[in-house]
Every structure is written in C-alpha cells, then in structure tokens.
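Notes for the one structure printed next.
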Amino acid sequence: MDPKAAAIFRDRGIDVDEKPGLTAAELAEIIGNYDGLAIRSATKVTRAILDASDRLKVVGRAGIGVDNVDIAAATARGVVVMNTPFGNSITTAEHAIALMFALARQLPEADASTQAGKWEKNRFMGVEVTGKTLGLIGAGNIGSIVASRAVGLRMRVAAYDPFLTPERALELGIEKVDLDELLARADFITLHTPLTDQTRNILSRENLAKTKKGVRIVNCARGGLIDEAALKDALDSGHVAGAALDVFESEPAKDCPLFGTPGFISTPHLGASTSEAQVNVAIQVAEQMSDFLLLGGVSNA
Ligand code: MLT
C-alpha cells in the first residue's frame, strides 16, 4: 500500500504497523492486537482470520472489490468492511480503453512479430473504433467513465444496466438497451459489473452465440463474468474476432484455456495498477478508516 496511508493514520494519531507479505498463519497470530486492518487484494480475510481477531472493528480494502474478505463472517462479528469505490475508477476505465485499442489494431501480436524481425504489414489489418457501437455491460462508476471516453472517440454507446436511469443515460450521451439488443448490436463489448449471482457468466455460451460476428470483447471487471471455455470456442471459430481479459475465473491465472488462442490478449489484473490510482486508494482507505476508528472512540492500538 502506498506509504501515504500510514502517514495519514499517524497524522490522525493512530498507531500503525506495516506488515506486507504475512502468511495467513502469521496474520492470524497477530490480528488480535489490532482495531483496524488495511489491505489490498492479496490478503485474504477469512473466517479463521476474523475468528482470531478479538478487537477488530474495521477492515479497509484499498480498491473496489471485496472478494478477498469474508463479508458474512465479518458482519456476524460486527466488523465493518469498507472499500474505496472511486479511487481507481479512471485508471480501470483507461485500461479497458487501452485493451479495446489493442484488440482493434492487434498491438501485442504486431509488436511480437515486429520484434521477431518479421515485417508483416499485411497480416495486421485493423479496424477503426470511430462510428462503431460499444456495448457497455454495467454503467456505474467505471462503466460511465468508459462511456464518456468512448463518446469522445465518436463511438455509439449502448449500455445494459438495470440501475441506469433514462436521465443518466441522456446525461452520458448513451443509449439504455436490454442485454439481447446489446449482444446483437455491439462491435465491441466491455464489462464493468461486479461478480454477483445475477452477473456470473453473463457472457455465457448461449449469450456469446447471440453476439454479432466479429465482436471484440474486453473484461477488466471480474473473472467469472465470461464463460472462458465458451469464449475460447468462439475465438477459435472466428465468431469472436478478439478478446482481452485482465481478470480470470481463477487468479493468478497460470493455465487458462484461452492462453495461446489467436486473437486473445491478457494482462495480470492490472486494471487498478497505476501510481495515481494506488495513491488515491491508499489515501481514501486511510481517511475512511481513521474517521471510523476515531469517531467510534476506539483507543489506539
Ligand atoms: C479492485 O477491485 O480495486 C481492482 O480489481 C483492483 C485490484 O483488485 O487490485
């Protein structure tokens, strides 16, 4: 976590120990000494960790997803779990746009080929994004930033999001559609929704079959939103022209079936990995946790 987090805690009069890289057993051993636990994505706050924490009041996740925290167990113990939903939104949206361009112009393959001494100018015929339809699945914090960038790129944006109001769609300059219409019309699809029972496998084999032939798909949201085996088949058949995943059903992704598939691009969950976003989320989590601990009258650890 960026050192600014610890500085904020100390400025607010809260004692801080910085202990990156603890094993689960080491964390369980010491967690009983703390009122608050600030984490990024690697630390798993399991029921066992929570059971070992007598005085823990708050877990702060510097980032958006709280998949690494057992929320039910925390709630049962009265431990508040907070995230920073805004600090890395721009960064993640920019990564989605970067992957969209990487797909449109086959940048990773063209780079590898050129550096291998080939000069395959004819192999890498791309497509423009201008005038194309971007299908946005999820138009919340990150999705709406992607929409604004896409509108700036002169794309048409069609969004599927049950929570998107007509007024907000108008404000963003995008069209609210149902999922089937999005699948049928989109030249590019990008996902910006959490993984829930409703969104798991939203791009299932059946829904991938409903997409327009030649569609290009980006996922910088969560693994599990796309059926990876079905996506591989759709790439192999040529129905899907390209897919770029930053997130995977299983992470760290070491042997994903999509690896090596022509038209497939991957990054290792880099959506939030910019220096700006990491400072933002560190500051936000430290401020929120400090407010909570100090207003809650908790004595310093
Ligand atoms: C988040 O949930 O904040 C992003 O997916 C980034 C991350 O987990 O590192």
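Note on naming: chains are A, B, ... as they come in the structure tokens, residues start from 1 per chain, ligands start from 1 in the order shown.
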
* Within 8 Å of ligand 1, counting only C-alpha atoms and all ligand atoms, residues as a list in words -> Arg40, Ser41, Ala62, Gly63, Ile64, Gly65, Val66, Thr84, Pro85, Asn88, Thr92, Cys220, Ala221, Arg222, His269, Leu270, Gly271, Ala272 and Ser273 of chain A

* Asked: Between A:His95, A:His192, A:Lys210, A:Lys176, which has the minimum distance to Ala244 (chain A) (counting only C-alpha atoms)?
  ->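 Smallest distance to Ala244 (chain A) is found for A:His95.
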
* Tell me which of A:Val129, A:Met100, A:Ile49, A:Ala73 sits closest to Leu191 (chain A), counting only C-alpha atoms. =>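 Closest residue, counting only C-alpha atoms: A:Met100.
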
* strand (DSSP E or B) per DSSP on the backbone: members of region 41-146 of chain A, as a ChimeraX atom specification -> /A:45,58-61,69,80-82,133-137
